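Engineer: What follows is run.cif; its format and atoms are mmCIF, C-alpha atoms.
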```cif
data_data
#
loop_
_atom_site.label_atom_id
_atom_site.label_comp_id
_atom_site.auth_asym_id
_atom_site.auth_seq_id
_atom_site.Cartn_x
_atom_site.Cartn_y
_atom_site.Cartn_z
CA MET A 1345 0.00 0.00 0.00
CA ALA A 1346 1.39 3.37 -0.92
CA GLY A 1347 2.29 5.70 1.93
CA LYS A 1348 0.40 8.92 2.40
CA PRO A 1349 1.62 11.95 0.47
CA MET A 1350 4.14 13.96 2.51
CA LEU A 1351 4.09 17.73 2.17
CA HIS A 1352 7.29 19.72 2.80
CA TYR A 1353 6.71 23.41 3.58
CA PHE A 1354 6.58 25.82 6.46
CA ASN A 1355 3.62 25.75 8.84
CA GLY A 1356 1.51 28.26 6.99
CA ARG A 1357 -0.62 28.67 3.87
CA GLY A 1358 1.76 30.14 1.32
CA ARG A 1359 2.08 28.20 -1.91
CA MET A 1360 1.18 24.85 -0.34
CA GLU A 1361 -2.34 25.66 0.80
CA SER A 1362 -4.02 24.99 -2.55
CA THR A 1363 -2.45 21.51 -2.49
CA ARG A 1364 -3.82 20.91 1.02
CA TRP A 1365 -7.28 21.98 -0.16
CA LEU A 1366 -7.16 19.75 -3.24
CA LEU A 1367 -5.96 16.65 -1.37
CA ALA A 1368 -8.51 17.23 1.36
CA ALA A 1369 -11.36 17.75 -1.09
CA ALA A 1370 -10.34 14.53 -2.86
CA GLY A 1371 -10.51 12.74 0.49
CA VAL A 1372 -6.79 11.96 0.51
CA GLU A 1373 -5.08 11.85 3.88
CA PHE A 1374 -1.63 13.42 3.92
CA GLU A 1375 1.26 14.12 6.26
CA GLU A 1376 3.32 17.26 6.68
CA LYS A 1377 6.92 17.98 7.58
CA PHE A 1378 7.27 21.63 8.55
CA LEU A 1379 10.36 23.71 7.82
CA GLU A 1380 10.97 25.81 10.90
CA SER A 1381 14.37 27.35 10.27
CA PRO A 1382 16.75 28.25 7.44
CA GLU A 1383 18.74 25.15 8.46
CA ASP A 1384 15.72 22.92 7.77
CA LEU A 1385 15.49 24.28 4.22
CA LYS A 1386 19.24 24.01 3.74
CA LYS A 1387 19.14 20.36 4.83
CA LEU A 1388 16.47 19.62 2.26
CA VAL A 1389 18.31 21.53 -0.45
CA ASN A 1390 21.46 19.52 0.24
CA GLU A 1391 19.60 16.21 0.17
CA GLU A 1392 20.41 14.81 -3.28
CA GLY A 1393 17.35 14.66 -5.51
CA SER A 1394 14.92 16.13 -3.02
CA LEU A 1395 14.29 19.64 -4.29
CA MET A 1396 14.72 19.84 -8.04
CA PHE A 1397 15.06 23.64 -8.13
CA GLN A 1398 16.12 24.04 -4.47
CA GLN A 1399 12.63 25.24 -3.62
CA VAL A 1400 9.52 24.19 -1.76
CA PRO A 1401 6.64 23.32 -2.04
CA MET A 1402 7.69 19.71 -2.44
CA VAL A 1403 5.30 16.75 -2.19
CA GLU A 1404 6.43 13.15 -1.90
CA ILE A 1405 3.77 11.12 -3.67
CA ASP A 1406 3.75 7.79 -5.51
CA GLY A 1407 7.50 7.43 -5.37
CA MET A 1408 8.15 10.92 -6.76
CA LYS A 1409 9.36 14.13 -5.16
CA LEU A 1410 7.20 16.68 -6.95
CA VAL A 1411 8.05 20.36 -6.99
CA GLN A 1412 6.45 23.39 -8.66
CA THR A 1413 2.98 24.11 -7.40
CA ARG A 1414 1.23 23.66 -10.73
CA ALA A 1415 2.96 20.34 -11.45
CA ILE A 1416 1.91 19.08 -8.02
CA LEU A 1417 -1.69 20.22 -8.44
CA ASN A 1418 -1.91 18.87 -12.01
CA TYR A 1419 -0.76 15.43 -10.85
CA ILE A 1420 -3.17 15.27 -7.93
CA ALA A 1421 -6.09 16.56 -9.99
CA THR A 1422 -5.45 14.01 -12.73
CA LYS A 1423 -4.97 11.13 -10.31
CA TYR A 1424 -8.21 11.86 -8.46
CA ASN A 1425 -10.31 12.67 -11.54
CA LEU A 1426 -10.74 16.36 -10.81
CA TYR A 1427 -9.35 17.61 -14.13
CA GLY A 1428 -12.22 17.18 -16.58
CA LYS A 1429 -13.07 14.33 -18.92
CA ASP A 1430 -11.42 15.53 -22.15
CA ILE A 1431 -9.06 18.07 -23.62
CA LYS A 1432 -11.71 20.77 -24.02
CA GLU A 1433 -12.87 20.49 -20.40
CA ARG A 1434 -9.24 20.60 -19.34
CA ALA A 1435 -8.76 23.80 -21.35
CA LEU A 1436 -11.71 25.45 -19.60
CA ILE A 1437 -10.51 24.26 -16.19
CA ASP A 1438 -7.01 25.54 -16.95
CA MET A 1439 -8.30 28.98 -17.96
CA TYR A 1440 -10.41 29.31 -14.84
CA ILE A 1441 -7.73 28.11 -12.43
CA GLU A 1442 -5.08 30.35 -13.96
CA GLY A 1443 -7.38 33.33 -13.39
CA VAL A 1444 -7.87 32.15 -9.81
CA ALA A 1445 -4.08 31.82 -9.47
CA ASP A 1446 -3.49 35.36 -10.75
CA LEU A 1447 -5.81 36.86 -8.11
CA GLY A 1448 -4.55 34.38 -5.52
CA GLU A 1449 -0.99 35.50 -6.20
CA MET A 1450 -1.87 39.12 -5.45
CA ILE A 1451 -3.46 38.08 -2.15
CA LEU A 1452 -0.54 35.77 -1.30
CA LEU A 1453 2.01 38.55 -1.75
CA LEU A 1454 0.06 41.24 0.11
CA PRO A 1455 1.70 40.55 3.51
CA VAL A 1456 5.17 41.13 2.03
CA ALA A 1457 4.32 44.32 0.14
CA PRO A 1458 6.35 47.37 1.24
CA PRO A 1459 4.31 49.22 3.91
CA GLY A 1460 3.77 52.28 1.71
CA GLU A 1461 2.28 50.10 -1.05
CA LYS A 1462 -0.07 47.90 1.00
CA ASP A 1463 -3.14 50.11 0.77
CA ALA A 1464 -2.83 50.52 -2.98
CA LYS A 1465 -2.32 46.78 -3.47
CA LEU A 1466 -5.33 45.95 -1.33
CA ALA A 1467 -7.44 48.41 -3.31
CA LEU A 1468 -6.25 46.80 -6.55
CA ILE A 1469 -7.17 43.34 -5.25
CA LYS A 1470 -10.67 44.53 -4.37
CA GLU A 1471 -11.05 46.23 -7.74
CA LYS A 1472 -9.90 43.20 -9.72
CA THR A 1473 -12.09 40.88 -7.66
CA THR A 1474 -15.18 43.01 -8.21
CA ASN A 1475 -14.60 44.00 -11.85
CA ARG A 1476 -12.60 41.17 -13.39
CA TYR A 1477 -12.59 37.83 -11.64
CA PHE A 1478 -15.87 37.43 -9.77
CA PRO A 1479 -17.91 38.65 -12.76
CA ALA A 1480 -16.11 36.21 -15.06
CA PHE A 1481 -16.91 33.21 -12.87
CA GLU A 1482 -20.45 34.36 -12.10
CA LYS A 1483 -21.01 34.60 -15.84
CA VAL A 1484 -19.72 31.06 -16.43
CA LEU A 1485 -22.11 29.66 -13.83
CA LYS A 1486 -25.01 31.72 -15.20
CA SER A 1487 -24.31 30.65 -18.79
CA HIS A 1488 -24.93 26.96 -18.15
CA GLY A 1489 -26.93 27.08 -14.92
CA GLN A 1490 -25.14 24.01 -13.62
CA ASP A 1491 -23.92 23.30 -10.12
CA TYR A 1492 -20.23 23.27 -11.03
CA LEU A 1493 -18.00 25.33 -13.30
CA VAL A 1494 -17.12 22.63 -15.84
CA GLY A 1495 -18.83 19.53 -17.15
CA ASN A 1496 -21.62 19.47 -14.58
CA LYS A 1497 -19.27 17.77 -12.17
CA LEU A 1498 -16.99 18.80 -9.31
CA SER A 1499 -13.51 19.62 -10.58
CA ARG A 1500 -10.43 21.32 -9.25
CA ALA A 1501 -11.75 24.57 -10.75
CA ASP A 1502 -14.55 24.64 -8.17
CA ILE A 1503 -12.20 23.76 -5.31
CA HIS A 1504 -9.57 26.39 -6.18
CA LEU A 1505 -12.24 29.05 -6.73
CA VAL A 1506 -14.02 28.34 -3.46
CA GLU A 1507 -10.69 28.45 -1.61
CA LEU A 1508 -10.09 31.87 -3.22
CA ILE A 1509 -13.56 33.08 -2.20
CA TYR A 1510 -12.71 32.30 1.43
CA TYR A 1511 -9.55 34.46 1.17
CA VAL A 1512 -11.43 37.30 -0.49
CA GLU A 1513 -14.01 37.20 2.29
CA GLU A 1514 -11.23 37.40 4.88
CA LEU A 1515 -10.11 40.65 3.22
CA ASP A 1516 -13.59 42.08 2.72
CA PRO A 1517 -16.79 40.06 3.22
CA SER A 1518 -18.83 42.53 1.18
CA LEU A 1519 -17.07 41.74 -2.09
CA ILE A 1520 -19.17 38.66 -2.83
CA ALA A 1521 -22.45 40.44 -2.13
CA ASN A 1522 -23.52 40.84 -5.74
CA PHE A 1523 -22.55 37.36 -6.90
CA PRO A 1524 -25.34 34.97 -5.93
CA LEU A 1525 -24.10 32.07 -8.02
CA LEU A 1526 -20.63 32.27 -6.50
CA LYS A 1527 -22.21 32.30 -3.04
CA ALA A 1528 -24.18 29.21 -3.98
CA LEU A 1529 -21.06 27.47 -5.31
CA LYS A 1530 -19.22 28.26 -2.12
CA ALA A 1531 -22.06 26.82 -0.03
CA ARG A 1532 -22.35 23.75 -2.22
CA VAL A 1533 -18.64 22.91 -2.23
CA SER A 1534 -18.29 23.70 1.47
CA SER A 1535 -21.01 21.20 2.31
CA LEU A 1536 -19.30 18.27 0.54
CA SER A 1537 -18.31 15.86 3.29
CA THR A 1538 -14.57 16.01 2.58
CA VAL A 1539 -14.50 19.80 2.33
CA LYS A 1540 -16.76 20.20 5.36
CA LYS A 1541 -14.30 18.14 7.38
CA PHE A 1542 -11.37 20.26 6.14
CA LEU A 1543 -13.19 23.46 7.13
CA GLN A 1544 -13.60 22.31 10.72
CA PRO A 1545 -11.16 23.24 13.49
CA GLY A 1546 -8.42 20.69 13.99
CA SER A 1547 -7.97 19.95 10.28
CA GLN A 1548 -4.74 20.58 8.37
CA ARG A 1549 -6.14 23.81 6.93
CA LYS A 1550 -3.84 26.69 7.88
CA PRO A 1551 -5.01 29.98 9.42
CA PRO A 1552 -4.31 33.43 7.98
CA LEU A 1553 -0.69 34.47 8.23
CA ASP A 1554 0.12 36.05 11.57
CA GLN A 1555 3.12 38.23 12.31
CA LYS A 1556 5.09 35.41 13.97
CA THR A 1557 4.64 32.98 11.04
CA LEU A 1558 5.44 35.76 8.54
CA GLU A 1559 8.72 36.49 10.34
CA GLN A 1560 9.56 32.79 10.42
CA ALA A 1561 8.85 32.45 6.69
CA LYS A 1562 10.97 35.51 5.90
CA LYS A 1563 13.90 33.96 7.79
CA ILE A 1564 13.57 30.61 6.05
CA PHE A 1565 13.14 31.98 2.55
CA LYS A 1566 15.40 35.07 2.55
CA MET B 1231 -10.74 21.51 -42.87
CA GLU B 1232 -9.67 22.97 -39.58
CA ALA B 1233 -9.14 26.72 -39.43
CA ARG B 1234 -5.70 27.88 -38.44
CA PRO B 1235 -5.27 29.09 -34.85
CA LYS B 1236 -5.32 32.87 -34.56
CA LEU B 1237 -3.13 34.66 -32.03
CA HIS B 1238 -4.11 38.02 -30.52
CA TYR B 1239 -1.17 39.98 -29.04
CA PRO B 1240 1.13 42.89 -29.76
CA ASN B 1241 3.77 42.36 -32.43
CA GLY B 1242 6.51 41.17 -30.12
CA ARG B 1243 7.55 38.29 -27.89
CA GLY B 1244 6.07 38.88 -24.43
CA ARG B 1245 3.87 36.13 -23.08
CA MET B 1246 2.81 34.92 -26.52
CA GLU B 1247 6.24 33.84 -27.71
CA SER B 1248 6.11 30.46 -25.94
CA VAL B 1249 2.84 29.79 -27.74
CA ARG B 1250 4.43 30.65 -31.09
CA TRP B 1251 7.30 28.28 -30.29
CA ALA B 1252 4.93 25.47 -29.27
CA LEU B 1253 2.74 25.77 -32.36
CA ALA B 1254 5.78 26.02 -34.62
CA ALA B 1255 7.43 22.99 -33.00
CA ALA B 1256 4.20 21.06 -33.51
CA GLY B 1257 4.25 22.05 -37.20
CA VAL B 1258 0.99 24.01 -36.89
CA GLU B 1259 0.56 27.05 -39.09
CA PHE B 1260 -1.13 29.98 -37.43
CA ASP B 1261 -2.32 33.53 -38.08
CA GLU B 1262 -1.74 36.61 -35.97
CA GLU B 1263 -3.77 39.74 -35.31
CA PHE B 1264 -1.42 42.29 -33.79
CA LEU B 1265 -2.65 44.69 -31.12
CA GLU B 1266 -1.31 48.15 -31.84
CA THR B 1267 -3.68 50.51 -30.05
CA ARG B 1268 -5.61 50.71 -26.82
CA GLU B 1269 -8.79 50.90 -28.90
CA GLN B 1270 -8.13 47.48 -30.36
CA LEU B 1271 -7.76 46.02 -26.87
CA HIS B 1272 -10.97 47.71 -25.75
CA LYS B 1273 -12.75 46.29 -28.79
CA LEU B 1274 -11.68 42.77 -27.80
CA GLN B 1275 -12.73 43.41 -24.21
CA LYS B 1276 -16.10 44.95 -25.06
CA GLY B 1277 -16.81 42.17 -27.52
CA LYS B 1278 -16.37 39.76 -24.63
CA HIS B 1279 -13.65 37.82 -26.37
CA LEU B 1280 -11.30 37.87 -23.40
CA LEU B 1281 -12.35 35.90 -20.32
CA PHE B 1282 -10.27 38.05 -17.97
CA GLN B 1283 -9.96 41.03 -20.36
CA GLN B 1284 -6.35 40.11 -21.03
CA VAL B 1285 -4.17 38.80 -23.80
CA PRO B 1286 -2.61 36.42 -24.86
CA MET B 1287 -5.72 35.03 -26.47
CA VAL B 1288 -5.72 32.26 -29.05
CA GLU B 1289 -8.71 31.33 -31.17
CA ILE B 1290 -8.41 27.60 -31.67
CA ASP B 1291 -10.90 24.81 -32.30
CA GLY B 1292 -13.87 27.05 -31.66
CA MET B 1293 -12.52 28.31 -28.33
CA LYS B 1294 -11.07 31.63 -27.29
CA LEU B 1295 -8.29 30.42 -25.03
CA VAL B 1296 -6.65 32.81 -22.60
CA GLN B 1297 -3.97 32.34 -19.92
CA THR B 1298 -0.61 31.29 -21.30
CA ARG B 1299 -0.42 27.95 -19.49
CA SER B 1300 -3.90 26.96 -20.56
CA ILE B 1301 -2.95 27.65 -24.19
CA LEU B 1302 0.37 25.79 -23.89
CA HIS B 1303 -1.25 22.76 -22.23
CA TYR B 1304 -3.92 22.56 -24.92
CA ILE B 1305 -1.34 22.71 -27.71
CA ALA B 1306 0.93 20.21 -25.95
CA GLU B 1307 -1.86 17.73 -25.40
CA LYS B 1308 -3.38 18.08 -28.86
CA TYR B 1309 -0.09 17.80 -30.71
CA HIS B 1310 1.55 15.11 -28.57
CA LEU B 1311 4.14 17.24 -26.83
CA PHE B 1312 3.09 16.11 -23.36
CA GLY B 1313 4.68 12.67 -22.97
CA SER B 1314 3.09 9.27 -23.20
CA ASP B 1315 1.71 8.80 -19.68
CA LEU B 1316 0.97 10.66 -16.46
CA LYS B 1317 4.47 10.22 -15.03
CA GLU B 1318 6.09 11.67 -18.16
CA LYS B 1319 3.54 14.47 -18.25
CA THR B 1320 4.38 15.27 -14.64
CA LEU B 1321 8.12 15.44 -15.36
CA ILE B 1322 7.40 17.69 -18.34
CA ASP B 1323 5.21 19.87 -16.09
CA MET B 1324 7.97 20.25 -13.49
CA TYR B 1325 10.61 21.09 -16.09
CA VAL B 1326 8.34 23.55 -17.91
CA GLU B 1327 7.28 25.28 -14.70
CA GLY B 1328 10.89 25.69 -13.57
CA THR B 1329 11.91 27.03 -16.98
CA LEU B 1330 8.93 29.42 -17.06
CA ASP B 1331 10.09 30.87 -13.71
CA LEU B 1332 13.39 31.74 -15.43
CA LEU B 1333 11.68 32.92 -18.63
CA GLU B 1334 9.50 35.24 -16.54
CA MET B 1335 12.60 37.25 -15.63
CA ILE B 1336 13.36 37.65 -19.34
CA ILE B 1337 9.78 38.67 -20.17
CA THR B 1338 9.63 41.39 -17.52
CA HIS B 1339 13.18 42.64 -18.09
CA PRO B 1340 12.43 45.28 -20.80
CA PHE B 1341 9.90 46.90 -18.48
CA LEU B 1342 12.25 47.44 -15.58
CA LYS B 1343 13.72 50.86 -14.93
CA PRO B 1344 16.84 51.27 -17.11
CA GLU B 1345 19.04 51.54 -14.00
CA ASP B 1346 17.77 48.13 -12.79
CA GLN B 1347 18.12 46.28 -16.07
CA GLN B 1348 21.81 45.41 -15.89
CA LYS B 1349 21.45 44.16 -12.32
CA GLU B 1350 18.61 41.92 -13.44
CA VAL B 1351 20.72 40.40 -16.23
CA VAL B 1352 23.25 39.42 -13.56
CA SER B 1353 20.45 37.98 -11.42
CA MET B 1354 18.90 35.92 -14.21
CA THR B 1355 22.34 34.65 -15.24
CA GLN B 1356 23.02 33.50 -11.70
CA LYS B 1357 19.64 31.80 -11.44
CA ALA B 1358 20.21 30.10 -14.79
CA VAL B 1359 23.68 28.74 -14.02
CA ILE B 1360 23.12 27.89 -10.36
CA ARG B 1361 19.52 26.73 -10.18
CA TYR B 1362 18.17 25.70 -13.58
CA PHE B 1363 20.91 24.69 -16.01
CA PRO B 1364 22.56 22.17 -13.64
CA VAL B 1365 19.25 20.34 -13.32
CA PHE B 1366 18.76 19.92 -17.06
CA GLU B 1367 22.46 19.21 -17.66
CA LYS B 1368 22.22 16.33 -15.16
CA ILE B 1369 19.02 14.96 -16.69
CA LEU B 1370 20.55 14.89 -20.15
CA ARG B 1371 23.83 13.45 -18.87
CA ASP B 1372 22.10 10.74 -16.85
CA HIS B 1373 19.87 9.32 -19.61
CA GLY B 1374 22.06 10.26 -22.56
CA GLN B 1375 19.02 10.88 -24.75
CA LYS B 1376 18.38 13.71 -27.14
CA PHE B 1377 15.14 14.90 -25.52
CA LEU B 1378 14.48 15.72 -21.88
CA VAL B 1379 11.60 13.26 -21.38
CA GLY B 1380 10.61 9.95 -22.87
CA ASN B 1381 12.97 10.05 -25.83
CA GLN B 1382 10.63 12.27 -27.83
CA LEU B 1383 10.13 16.00 -28.36
CA SER B 1384 7.99 17.58 -25.66
CA LEU B 1385 6.96 21.02 -24.46
CA ALA B 1386 9.86 20.83 -21.97
CA ASP B 1387 12.44 20.78 -24.78
CA VAL B 1388 10.70 23.61 -26.65
CA ILE B 1389 10.42 25.98 -23.67
CA LEU B 1390 13.96 25.22 -22.52
CA LEU B 1391 15.38 25.93 -25.97
CA GLN B 1392 13.38 29.17 -26.19
CA THR B 1393 14.76 30.25 -22.82
CA ILE B 1394 18.37 29.28 -23.60
CA LEU B 1395 18.36 31.22 -26.88
CA ALA B 1396 16.81 34.27 -25.22
CA LEU B 1397 19.47 34.20 -22.49
CA GLU B 1398 22.26 33.73 -25.04
CA GLU B 1399 21.13 36.97 -26.70
CA LYS B 1400 22.02 38.78 -23.46
CA VAL B 1401 24.89 36.57 -22.27
CA PRO B 1402 26.46 34.78 -25.25
CA ASN B 1403 28.61 32.33 -23.30
CA ILE B 1404 25.99 31.42 -20.71
CA LEU B 1405 26.20 27.71 -21.60
CA ALA B 1406 30.01 27.61 -21.25
CA ALA B 1407 29.94 25.18 -18.31
CA PHE B 1408 27.18 22.96 -19.70
CA PRO B 1409 28.35 20.72 -22.55
CA HIS B 1410 25.17 18.61 -22.62
CA LEU B 1411 22.99 21.71 -22.85
CA GLN B 1412 25.17 22.97 -25.68
CA GLU B 1413 24.58 19.69 -27.50
CA PHE B 1414 20.87 19.85 -26.64
CA THR B 1415 20.64 23.36 -28.11
CA VAL B 1416 22.12 22.19 -31.40
CA LYS B 1417 20.06 19.01 -31.61
CA ILE B 1418 16.70 20.56 -30.76
CA SER B 1419 17.39 23.51 -33.08
CA ASN B 1420 17.79 20.95 -35.85
CA VAL B 1421 14.39 19.32 -35.34
CA PRO B 1422 12.86 20.17 -38.75
CA THR B 1423 9.87 22.17 -37.50
CA ILE B 1424 12.04 24.11 -35.07
CA LYS B 1425 14.77 24.66 -37.65
CA LYS B 1426 12.15 26.26 -39.90
CA PHE B 1427 11.00 28.50 -37.04
CA LEU B 1428 14.59 29.63 -36.45
CA GLU B 1429 15.04 30.73 -40.05
CA PRO B 1430 14.49 34.35 -41.14
CA GLY B 1431 10.93 35.08 -42.27
CA SER B 1432 9.30 32.85 -39.67
CA LYS B 1433 6.85 34.10 -37.08
CA LYS B 1434 9.53 34.08 -34.37
CA LYS B 1435 9.72 37.61 -33.01
CA PRO B 1436 12.93 39.64 -32.56
CA PRO B 1437 14.24 40.68 -29.13
CA PRO B 1438 12.10 43.38 -27.49
CA ASP B 1439 13.18 46.92 -28.45
CA ASP B 1440 12.06 50.43 -27.51
CA VAL B 1441 9.28 50.39 -30.08
CA TYR B 1442 7.84 47.22 -28.58
CA VAL B 1443 8.08 48.57 -25.01
CA ARG B 1444 6.37 51.81 -26.05
CA THR B 1445 3.60 49.89 -27.84
CA VAL B 1446 2.96 47.80 -24.75
CA TYR B 1447 2.72 50.87 -22.52
CA THR B 1448 0.40 52.53 -25.02
CA ILE B 1449 -1.95 49.59 -25.08
CA PHE B 1450 -1.85 48.39 -21.50
CA ALA B 1451 -0.88 51.21 -19.17
CA PRO B 1452 -3.81 52.04 -16.85
#
```
Taking this structure as input, can you express it in the form of structure tokens?
Structural biologist:
Amino acid sequence: MAGKPMLHYFNGRGRMESTRWLLAAAGVEFEEKFLESPEDLKKLVNEEGSLMFQQVPMVEIDGMKLVQTRAILNYIATKYNLYGKDIKERALIDMYIEGVADLGEMILLLPVAPPGEKDAKLALIKEKTTNRYFPAFEKVLKSHGQDYLVGNKLSRADIHLVELIYYVEELDPSLIANFPLLKALKARVSSLSTVKKFLQPGSQRKPPLDQKTLEQAKKIFK
Amino acid sequence: MEARPKLHYPNGRGRMESVRWALAAAGVEFDEEFLETREQLHKLQKGKHLLFQQVPMVEIDGMKLVQTRSILHYIAEKYHLFGSDLKEKTLIDMYVEGTLDLLEMIITHPFLKPEDQQKEVVSMTQKAVIRYFPVFEKILRDHGQKFLVGNQLSLADVILLQTILALEEKVPNILAAFPHLQEFTVKISNVPTIKKFLEPGSKKKPPPDDVYVRTVYTIFAP
């Protein structure tokens, strides 16, 4: 029997959180080894064959040491049938998740923005959410009237988007007000038994970055 | 008969160049509609041809694909540049994602402040020779094959060659310490479809110049 996937990262969301969400939603149990110091990262870097580009995230799964967030997510999504049924569905899923990733990247980097730029960056995030990304996804759901973004079936696109919606709401709960179909998608995905479990306290879902974790991450990744 | 793909982007490399490389390597002829003015971009946006109001956009097989990775994945899958099974696809994904991280530095370089540009060339050279090139040199040395994955041309070879040639334009001897990459560059350049793309008169775009940078600001500056 294959061992559980092992996630190597620091104890925070960062670039590993989308992988945690996807594994959890797929009902896959996983283990985590947390980097806590620059020495921990150095040790992993010096371990032959562990970190292809000397970076984390890294996920040990099925005898491989996968790096690069998208490669990791693509593998998991394919393995657990969350990546559409044919090339055209995959193209739609890819477009949607890349849009999610673009907005997600802005939110991810907000804590490390220079202090003078934080307000402007937050305003830009809100503007893009309201005028670019949420309308695009609301329109997709409206156009086919189905429960999920692609192929009338749960896919990684729904999981990544709902994860993003949670982060947007942490920044400003009012932003989703005018998007009823997105609200419904969030409720629907959140009530799936695997996702519901992940959303409960005590799961491996990570909280918003606090000052202490941010400082730790800065030390590890400087 | 299938219509040719149509690429929407300014007349320059930017984020569309990888797509041009991939289509060319696959032997697929394509058309281009060059964005030259802000009005043209607005027309595309108002006409709802751009899912996230951005280019690149490629009209292909009845779809309007946006997001570079979505376009590259579609082309790779359709034209058999994505390996022969999930494990090969995953290796290709990791290699492509790493290479795209390096290529990103090249894409953004012309838009840095002039006083920062030389520093960035040093930085991308260091990243190339310390982080990325050793990985691919070792892969090629270890399996002794012509192509990075599965003994056949894949997206990984195409994107790596694109990146090497772009770096060589700035730093001509950047491959000095990497004999297998030097051999790789020659061999992949001689793949017939790629050789054709590297000849004058092809749709390969020249290095970004002031005209290109000005055009981009004209079209996209807020």
Engineer: Chain B residues within 8 Å of chain A, counting only C-alpha atoms: which ones, as a list in words?
Structural biologist: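 Residues passing the distance filter: Leu1281, Phe1282, Gln1283, Leu1295, Val1296, Gln1297, Arg1299, Ser1300, Ile1301, His1303, Tyr1304, Glu1307, Lys1308, Leu1316, Thr1320, Asp1323, Met1324, Glu1327, Gly1328, Arg1361, Tyr1362 and Val1365 of chain B.
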Engineer: Dump C-alpha atoms for the selected residues as a tab-separated table (two decimals), in the coordinates of the input?
Structural biologist:
```
chain	number	residue	atom	x	y	z
B	1281	LEU	CA	-12.35	35.90	-20.32
B	1282	PHE	CA	-10.27	38.05	-17.97
B	1283	GLN	CA	-9.96	41.03	-20.36
B	1295	LEU	CA	-8.29	30.42	-25.03
B	1296	VAL	CA	-6.65	32.81	-22.60
B	1297	GLN	CA	-3.97	32.34	-19.92
B	1299	ARG	CA	-0.42	27.95	-19.49
B	1300	SER	CA	-3.90	26.96	-20.56
B	1301	ILE	CA	-2.95	27.65	-24.19
B	1303	HIS	CA	-1.25	22.76	-22.23
B	1304	TYR	CA	-3.92	22.56	-24.92
B	1307	GLU	CA	-1.86	17.73	-25.40
B	1308	LYS	CA	-3.38	18.08	-28.86
B	1316	LEU	CA	0.97	10.66	-16.46
B	1320	THR	CA	4.38	15.27	-14.64
B	1323	ASP	CA	5.21	19.87	-16.09
B	1324	MET	CA	7.97	20.25	-13.49
B	1327	GLU	CA	7.28	25.28	-14.70
B	1328	GLY	CA	10.89	25.69	-13.57
B	1361	ARG	CA	19.52	26.73	-10.18
B	1362	TYR	CA	18.17	25.70	-13.58
B	1365	VAL	CA	19.25	20.34	-13.32
```
Engineer: Calculate how many Å separate atom CA of B:Phe1341 from atom CA of B:Lys1400, rounding to one decimal.
Structural biologist: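 Interatomic distance here is 15.4 Å.
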Engineer: Between B:Val1421, B:Leu1321, B:Met1354, B:Ile1389, which one has atoms that come closest to A:Lys1409, using only C-alpha atoms?
Structural biologist: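 Going through B:Val1421, B:Leu1321, B:Met1354, B:Ile1389 one by one, the smallest distance to A:Lys1409 is for B:Leu1321.
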Engineer: When distances are computed from all atoms listed in the file, which of A:Ile1469, A:Leu1525, A:Lys1550, A:Gln1490 shows the smallest separation from A:Glu1513?
Structural biologist: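 Counting all atoms listed in the file, the residue closest to A:Glu1513 is A:Ile1469.
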Engineer: What does the PyMOL selection byres ((chain B and resi 1406-1414) around 10) select in this file, as a list in words?
Structural biologist: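 The output of the PyMOL selection byres ((chain B and resi 1406-1414) around 10) on this file is Val1359, Phe1363, Pro1364, Phe1366, Glu1367, Lys1368, Ile1369, Leu1370, Arg1371, Gly1374, Gln1375, Lys1376, Phe1377, Leu1378, Asp1387, Leu1390, Leu1391, Ile1394, Pro1402, Asn1403, Ile1404, Leu1405, Thr1415, Val1416, Lys1417, Ile1418, Ser1419 and Asn1420 of chain B.
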Engineer: Report, as JSON, the centre and edge lengths in Å (one decimal) of the axis-aligned box enclosing every listed atom of stretch 1411-1425 of chain A, padded by 6 Å on each side.
Structural biologist:
```
{"center_x": -1.1, "center_y": 17.6, "center_z": -9.9, "size_x": 30.4, "size_y": 25.0, "size_z": 17.7}
```
Engineer: List the residues matched by the PyMOL selection byres ((chain B and resi 1241) around 12) in the displayed structure as a PyMOL selection string, ordered by chain and then by residue number.
Structural biologist: chain B and resi 1237-1240+1242-1247+1250+1262-1267+1286+1433-1439+1441-1446+1449
Engineer: Dump C-alpha atoms for the selected residues as a short mmCIF file (atom, residue, chain, number, x, y, z; two decimals), in the coordinates of the input?
Structural biologist:
```
data_model
loop_
_atom_site.label_atom_id
_atom_site.label_comp_id
_atom_site.auth_asym_id
_atom_site.auth_seq_id
_atom_site.Cartn_x
_atom_site.Cartn_y
_atom_site.Cartn_z
CA LEU B 1237 -3.13 34.66 -32.03
CA HIS B 1238 -4.11 38.02 -30.52
CA TYR B 1239 -1.17 39.98 -29.04
CA PRO B 1240 1.13 42.89 -29.76
CA GLY B 1242 6.51 41.17 -30.12
CA ARG B 1243 7.55 38.29 -27.89
CA GLY B 1244 6.07 38.88 -24.43
CA ARG B 1245 3.87 36.13 -23.08
CA MET B 1246 2.81 34.92 -26.52
CA GLU B 1247 6.24 33.84 -27.71
CA ARG B 1250 4.43 30.65 -31.09
CA GLU B 1262 -1.74 36.61 -35.97
CA GLU B 1263 -3.77 39.74 -35.31
CA PHE B 1264 -1.42 42.29 -33.79
CA LEU B 1265 -2.65 44.69 -31.12
CA GLU B 1266 -1.31 48.15 -31.84
CA THR B 1267 -3.68 50.51 -30.05
CA PRO B 1286 -2.61 36.42 -24.86
CA LYS B 1433 6.85 34.10 -37.08
CA LYS B 1434 9.53 34.08 -34.37
CA LYS B 1435 9.72 37.61 -33.01
CA PRO B 1436 12.93 39.64 -32.56
CA PRO B 1437 14.24 40.68 -29.13
CA PRO B 1438 12.10 43.38 -27.49
CA ASP B 1439 13.18 46.92 -28.45
CA VAL B 1441 9.28 50.39 -30.08
CA TYR B 1442 7.84 47.22 -28.58
CA VAL B 1443 8.08 48.57 -25.01
CA ARG B 1444 6.37 51.81 -26.05
CA THR B 1445 3.60 49.89 -27.84
CA VAL B 1446 2.96 47.80 -24.75
CA ILE B 1449 -1.95 49.59 -25.08
#
```
